[in-house]
$ cat input14.csv   # CSV, N, CA and C atoms
chain,number,residue,atom,x,y,z
P,262,MET,N,11.5,-56.6,-30.6
P,262,MET,CA,12.1,-55.3,-30.9
P,262,MET,C,11.1,-54.1,-30.7
P,263,GLU,N,9.9,-54.3,-31.2
P,263,GLU,CA,8.9,-53.3,-31.2
P,263,GLU,C,8.5,-53.0,-29.7
P,264,ARG,N,8.4,-54.0,-28.9
P,264,ARG,CA,8.1,-53.8,-27.5
P,264,ARG,C,9.2,-53.0,-26.8
P,265,ASN,N,10.4,-53.3,-27.1
P,265,ASN,CA,11.5,-52.6,-26.5
P,265,ASN,C,11.5,-51.1,-26.8
P,266,SER,N,11.2,-50.8,-28.0
P,266,SER,CA,11.2,-49.3,-28.4
P,266,SER,C,10.0,-48.6,-27.8
P,267,ALA,N,8.9,-49.3,-27.6
P,267,ALA,CA,7.7,-48.7,-27.0
P,267,ALA,C,8.0,-48.4,-25.5
P,268,VAL,N,8.7,-49.3,-24.9
P,268,VAL,CA,9.1,-49.1,-23.5
P,268,VAL,C,10.1,-47.9,-23.4
P,269,GLN,N,11.0,-47.8,-24.3
P,269,GLN,CA,12.0,-46.7,-24.3
P,269,GLN,C,11.2,-45.4,-24.5
P,270,PHE,N,10.3,-45.4,-25.4
P,270,PHE,CA,9.5,-44.2,-25.7
P,270,PHE,C,8.7,-43.8,-24.4
P,271,LEU,N,8.1,-44.7,-23.7
P,271,LEU,CA,7.4,-44.4,-22.5
P,271,LEU,C,8.3,-43.9,-21.4
P,272,ILE,N,9.5,-44.5,-21.3
P,272,ILE,CA,10.5,-44.0,-20.3
P,272,ILE,C,10.9,-42.6,-20.7
P,273,GLY,N,11.0,-42.3,-22.0
P,273,GLY,CA,11.4,-40.9,-22.4
P,273,GLY,C,10.3,-39.9,-22.1
P,274,VAL,N,9.0,-40.3,-22.3
P,274,VAL,CA,7.9,-39.5,-22.0
P,274,VAL,C,7.8,-39.2,-20.5
P,275,PHE,N,8.1,-40.3,-19.7
P,275,PHE,CA,8.1,-40.1,-18.2
P,275,PHE,C,9.2,-39.2,-17.8
P,276,ALA,N,10.4,-39.3,-18.4
P,276,ALA,CA,11.5,-38.4,-18.0
P,276,ALA,C,11.2,-37.0,-18.3
P,277,VAL,N,10.6,-36.7,-19.5
P,277,VAL,CA,10.3,-35.4,-19.9
P,277,VAL,C,9.2,-34.8,-19.0
P,278,SER,N,8.2,-35.6,-18.7
P,278,SER,CA,7.1,-35.1,-17.8
P,278,SER,C,7.6,-34.8,-16.4
P,279,THR,N,8.6,-35.6,-15.9
P,279,THR,CA,9.1,-35.4,-14.6
P,279,THR,C,9.9,-34.1,-14.6
P,280,ILE,N,10.7,-33.8,-15.6
P,280,ILE,CA,11.4,-32.6,-15.7
P,280,ILE,C,10.5,-31.4,-15.8
P,281,VAL,N,9.5,-31.5,-16.6
P,281,VAL,CA,8.5,-30.4,-16.7
P,281,VAL,C,7.8,-30.1,-15.4
P,282,ALA,N,7.4,-31.2,-14.7
P,282,ALA,CA,6.8,-31.1,-13.4
P,282,ALA,C,7.7,-30.4,-12.4
P,283,THR,N,9.0,-30.8,-12.4
P,283,THR,CA,9.9,-30.2,-11.5
P,283,THR,C,10.1,-28.7,-11.7
P,284,VAL,N,10.2,-28.4,-13.0
P,284,VAL,CA,10.4,-26.9,-13.3
P,284,VAL,C,9.1,-26.2,-12.9
P,285,MET,N,8.0,-26.7,-13.2
P,285,MET,CA,6.7,-26.0,-12.8
P,285,MET,C,6.6,-25.9,-11.3
P,286,THR,N,7.1,-26.9,-10.5
P,286,THR,CA,7.0,-26.8,-9.1
P,286,THR,C,7.9,-25.7,-8.5
P,287,PHE,N,9.1,-25.6,-9.1
P,287,PHE,CA,10.0,-24.6,-8.6
P,287,PHE,C,9.5,-23.2,-9.0
P,288,THR,N,8.9,-23.1,-10.2
P,288,THR,CA,8.3,-21.8,-10.6
P,288,THR,C,7.2,-21.4,-9.7
P,289,TYR,N,6.3,-22.4,-9.3
P,289,TYR,CA,5.2,-22.1,-8.4
P,289,TYR,C,5.7,-21.7,-7.1
P,290,VAL,N,6.7,-22.3,-6.5
P,290,VAL,CA,7.2,-21.9,-5.2
P,290,VAL,C,7.8,-20.5,-5.2
P,291,ARG,N,8.6,-20.2,-6.3
P,291,ARG,CA,9.2,-18.9,-6.4
P,291,ARG,C,8.2,-17.8,-6.5
P,292,TYR,N,7.2,-18.0,-7.4
P,292,TYR,CA,6.1,-17.0,-7.5
P,292,TYR,C,5.2,-16.9,-6.3
P,293,GLY,N,5.1,-18.0,-5.6
P,293,GLY,CA,4.3,-18.0,-4.4
P,293,GLY,C,5.0,-17.1,-3.3
P,294,SER,N,6.3,-17.2,-3.3
P,294,SER,CA,7.1,-16.4,-2.3
P,294,SER,C,7.0,-14.9,-2.7
P,295,GLN,N,7.1,-14.6,-3.9
P,295,GLN,CA,7.0,-13.2,-4.4
P,295,GLN,C,5.6,-12.7,-4.1
P,296,LEU,N,4.6,-13.5,-4.3
P,296,LEU,CA,3.2,-13.1,-4.0
P,296,LEU,C,3.0,-12.8,-2.5
P,297,ARG,N,3.5,-13.6,-1.6
P,297,ARG,CA,3.4,-13.3,-0.2
P,297,ARG,C,4.1,-12.0,0.2
P,298,THR,N,5.3,-11.7,-0.5
P,298,THR,CA,6.0,-10.5,-0.2
P,298,THR,C,5.2,-9.3,-0.7
P,299,VAL,N,4.6,-9.4,-1.9
P,299,VAL,CA,3.8,-8.3,-2.4
P,299,VAL,C,2.5,-8.1,-1.6
P,300,GLN,N,1.9,-9.1,-1.1
P,300,GLN,CA,0.7,-9.0,-0.3
P,300,GLN,C,1.1,-8.3,1.0
P,301,ALA,N,2.2,-8.6,1.6
P,301,ALA,CA,2.6,-8.0,2.9
P,301,ALA,C,2.8,-6.5,2.6
P,302,GLN,N,3.5,-6.1,1.5
P,302,GLN,CA,3.7,-4.7,1.2
P,302,GLN,C,2.4,-4.0,0.9
P,303,LEU,N,1.5,-4.7,0.3
P,303,LEU,CA,0.1,-4.1,0.0
P,303,LEU,C,-0.6,-3.8,1.3
P,304,SER,N,-0.5,-4.8,2.2
P,304,SER,CA,-1.2,-4.7,3.5
P,304,SER,C,-0.6,-3.5,4.3
P,305,GLN,N,0.7,-3.4,4.3
P,305,GLN,CA,1.3,-2.2,5.0
P,305,GLN,C,0.9,-0.9,4.4
P,306,SER,N,0.8,-0.8,3.0
P,306,SER,CA,0.5,0.4,2.4
P,306,SER,C,-1.0,0.8,2.7
P,307,GLU,N,-1.9,-0.2,2.8
P,307,GLU,CA,-3.2,0.1,3.2
P,307,GLU,C,-3.3,0.6,4.6
P,308,VAL,N,-2.5,0.1,5.5
P,308,VAL,CA,-2.5,0.6,6.9
P,308,VAL,C,-2.0,2.0,6.9
P,309,ASN,N,-0.9,2.3,6.1
P,309,ASN,CA,-0.4,3.6,6.0
P,309,ASN,C,-1.4,4.6,5.4
P,310,ARG,N,-2.2,4.2,4.4
P,310,ARG,CA,-3.2,5.0,3.8
P,310,ARG,C,-4.3,5.3,4.8
P,311,ALA,N,-4.7,4.3,5.5
P,311,ALA,CA,-5.8,4.6,6.5
P,311,ALA,C,-5.3,5.5,7.6
P,312,LEU,N,-4.1,5.4,8.0
P,312,LEU,CA,-3.5,6.3,9.0
P,312,LEU,C,-3.5,7.7,8.5
P,313,ALA,N,-3.0,7.9,7.2
P,313,ALA,CA,-3.0,9.2,6.7
P,313,ALA,C,-4.4,9.8,6.5
P,314,GLN,N,-5.4,9.0,6.2
P,314,GLN,CA,-6.7,9.5,6.1
P,314,GLN,C,-7.3,9.9,7.5
P,315,GLN,N,-6.9,9.2,8.5
P,315,GLN,CA,-7.3,9.5,9.8
P,315,GLN,C,-6.7,10.8,10.3
P,316,ILE,N,-5.4,11.0,10.0
P,316,ILE,CA,-4.7,12.2,10.4
P,316,ILE,C,-5.3,13.4,9.6
P,317,ALA,N,-5.6,13.2,8.3
P,317,ALA,CA,-6.2,14.3,7.5
P,317,ALA,C,-7.5,14.7,8.1
P,318,GLY,N,-8.3,13.7,8.5
P,318,GLY,CA,-9.6,14.0,9.1
P,318,GLY,C,-9.5,14.8,10.4
P,319,ASP,N,-8.5,14.3,11.2
P,319,ASP,CA,-8.3,15.0,12.4
P,319,ASP,C,-7.9,16.5,12.2
P,320,VAL,N,-7.0,16.7,11.2
P,320,VAL,CA,-6.5,18.0,10.9
P,320,VAL,C,-7.6,18.9,10.4
P,321,ILE,N,-8.5,18.3,9.6
P,321,ILE,CA,-9.7,19.1,9.1
P,321,ILE,C,-10.6,19.5,10.2
P,322,GLU,N,-10.8,18.6,11.2
P,322,GLU,CA,-11.6,19.0,12.4
P,322,GLU,C,-10.9,20.0,13.2
P,323,TYR,N,-9.6,19.9,13.3
P,323,TYR,CA,-8.8,20.9,14.0
P,323,TYR,C,-8.9,22.3,13.3
P,324,SER,N,-9.0,22.3,12.0
P,324,SER,CA,-9.0,23.5,11.2
P,324,SER,C,-10.3,24.3,11.4
P,325,LYS,N,-11.3,23.6,11.9
P,325,LYS,CA,-12.6,24.3,12.2
P,325,LYS,C,-12.5,25.3,13.3
P,326,THR,N,-11.6,25.0,14.3
P,326,THR,CA,-11.4,25.9,15.4
P,326,THR,C,-10.1,26.7,15.2
P,327,HIS,N,-9.2,26.3,14.4
P,327,HIS,CA,-7.9,26.9,14.2
P,327,HIS,C,-7.7,27.1,12.7
P,328,PRO,N,-8.2,28.2,12.1
P,328,PRO,CA,-8.1,28.3,10.6
P,328,PRO,C,-6.7,28.6,10.1
P,329,ALA,N,-5.7,28.8,11.0
P,329,ALA,CA,-4.4,29.0,10.6
P,329,ALA,C,-3.8,27.8,9.8
P,330,VAL,N,-4.3,26.7,10.0
P,330,VAL,CA,-3.8,25.5,9.3
P,330,VAL,C,-4.4,25.3,7.9
P,331,ASN,N,-5.3,26.1,7.5
P,331,ASN,CA,-5.9,26.0,6.2
P,331,ASN,C,-4.9,26.1,5.0
P,332,PRO,N,-4.0,27.1,5.1
P,332,PRO,CA,-3.0,27.1,4.0
P,332,PRO,C,-2.2,25.8,3.9
P,333,ILE,N,-1.9,25.2,5.0
P,333,ILE,CA,-1.2,23.9,4.9
P,333,ILE,C,-2.0,22.8,4.3
P,334,LEU,N,-3.3,22.8,4.7
P,334,LEU,CA,-4.2,21.8,4.1
P,334,LEU,C,-4.4,22.0,2.6
P,335,LYS,N,-4.4,23.3,2.1
P,335,LYS,CA,-4.5,23.6,0.7
P,335,LYS,C,-3.2,23.1,0.0
P,336,ALA,N,-2.1,23.3,0.6
P,336,ALA,CA,-0.8,23.0,0.0
P,336,ALA,C,-0.6,21.5,-0.2
P,337,ILE,N,-1.2,20.7,0.7
P,337,ILE,CA,-1.1,19.2,0.5
P,337,ILE,C,-2.3,18.6,-0.2
P,338,GLY,N,-3.2,19.5,-0.6
P,338,GLY,CA,-4.3,19.0,-1.5
P,338,GLY,C,-5.6,18.6,-0.7
P,339,THR,N,-5.6,18.8,0.6
P,339,THR,CA,-6.8,18.5,1.4
P,339,THR,C,-7.5,19.8,1.6
P,340,VAL,N,-8.6,19.9,1.0
P,340,VAL,CA,-9.4,21.2,1.1
P,340,VAL,C,-10.2,21.2,2.4
P,341,PRO,N,-10.0,22.2,3.2
P,341,PRO,CA,-10.8,22.3,4.4
P,341,PRO,C,-12.2,22.6,4.1
P,342,PRO,N,-13.1,22.3,5.0
P,342,PRO,CA,-14.5,22.6,4.7
P,342,PRO,C,-14.8,24.1,4.7
P,343,LYS,N,-15.7,24.5,3.9
P,343,LYS,CA,-16.1,25.9,3.8
P,343,LYS,C,-16.8,26.3,5.1
P,344,THR,N,-16.3,27.4,5.6
P,344,THR,CA,-17.0,28.0,6.8
P,344,THR,C,-18.0,28.9,6.3
P,345,SER,N,-19.2,28.7,6.8
P,345,SER,CA,-20.3,29.6,6.4
P,345,SER,C,-20.3,30.8,7.3
P,346,THR,N,-20.2,31.9,6.7
P,346,THR,CA,-20.2,33.2,7.4
P,346,THR,C,-21.5,33.9,7.0
P,347,PRO,N,-22.3,34.2,8.0
P,347,PRO,CA,-23.6,34.8,7.6
P,347,PRO,C,-23.4,36.2,7.1
P,348,THR,N,-24.1,36.6,6.0
P,348,THR,CA,-24.0,37.9,5.4
P,348,THR,C,-25.1,38.8,6.0
P,349,LYS,N,-24.8,40.0,6.2
P,349,LYS,CA,-25.8,41.0,6.8
P,349,LYS,C,-26.5,41.8,5.7
$ encode --input "input14.csv" --output "structure tokens"
Amino acid sequence: MERNSAVQFLIGVFAVSTIVATVMTFTYVRYGSQLRTVQAQLSQSEVNRALAQQIAGDVIEYSKTHPAVNPILKAIGTVPPKTSTPTK
């Protein structure tokens, strides 16, 4: 009788560990999918940020010869470089 109850206990432990492993596997797969989605979004935002920085740099260079864009640069928070005017 003692041997039979030990076998039943081990079968119960095996069943519980199987259920826990299954739940953990599904959780891992679900969070892995979410992680890949977030990584793709992060990558796209980094590309967009680099593009915006490149455009801002180009506009700042453009503002050196066309100062009319300086108010626009100030409005968006990009400060154009100071133009040095010689004093007499």
$ atom_distance --input "input14.csv" --atom1 "CA of Ile280 in chain P" --atom2 "CA of Arg297 in chain P"
26.0 Å
$ select_by_dssp --input "input14.csv" --residues "chain P" --states "helix (DSSP H, G or I)" --output "MDAnalysis selection string"
chainID P and resid 263:326 328:337
$ atom_distance --input "input14.csv" --atom1 "CA of Ile333 in chain P" --atom2 "CA of Ala313 in chain P"
14.9 Å
$ atom_distance --input "input14.csv" --atom1 "CA of Ile321 in chain P" --atom2 "atom N of Thr339 in chain P"
9.4 Å
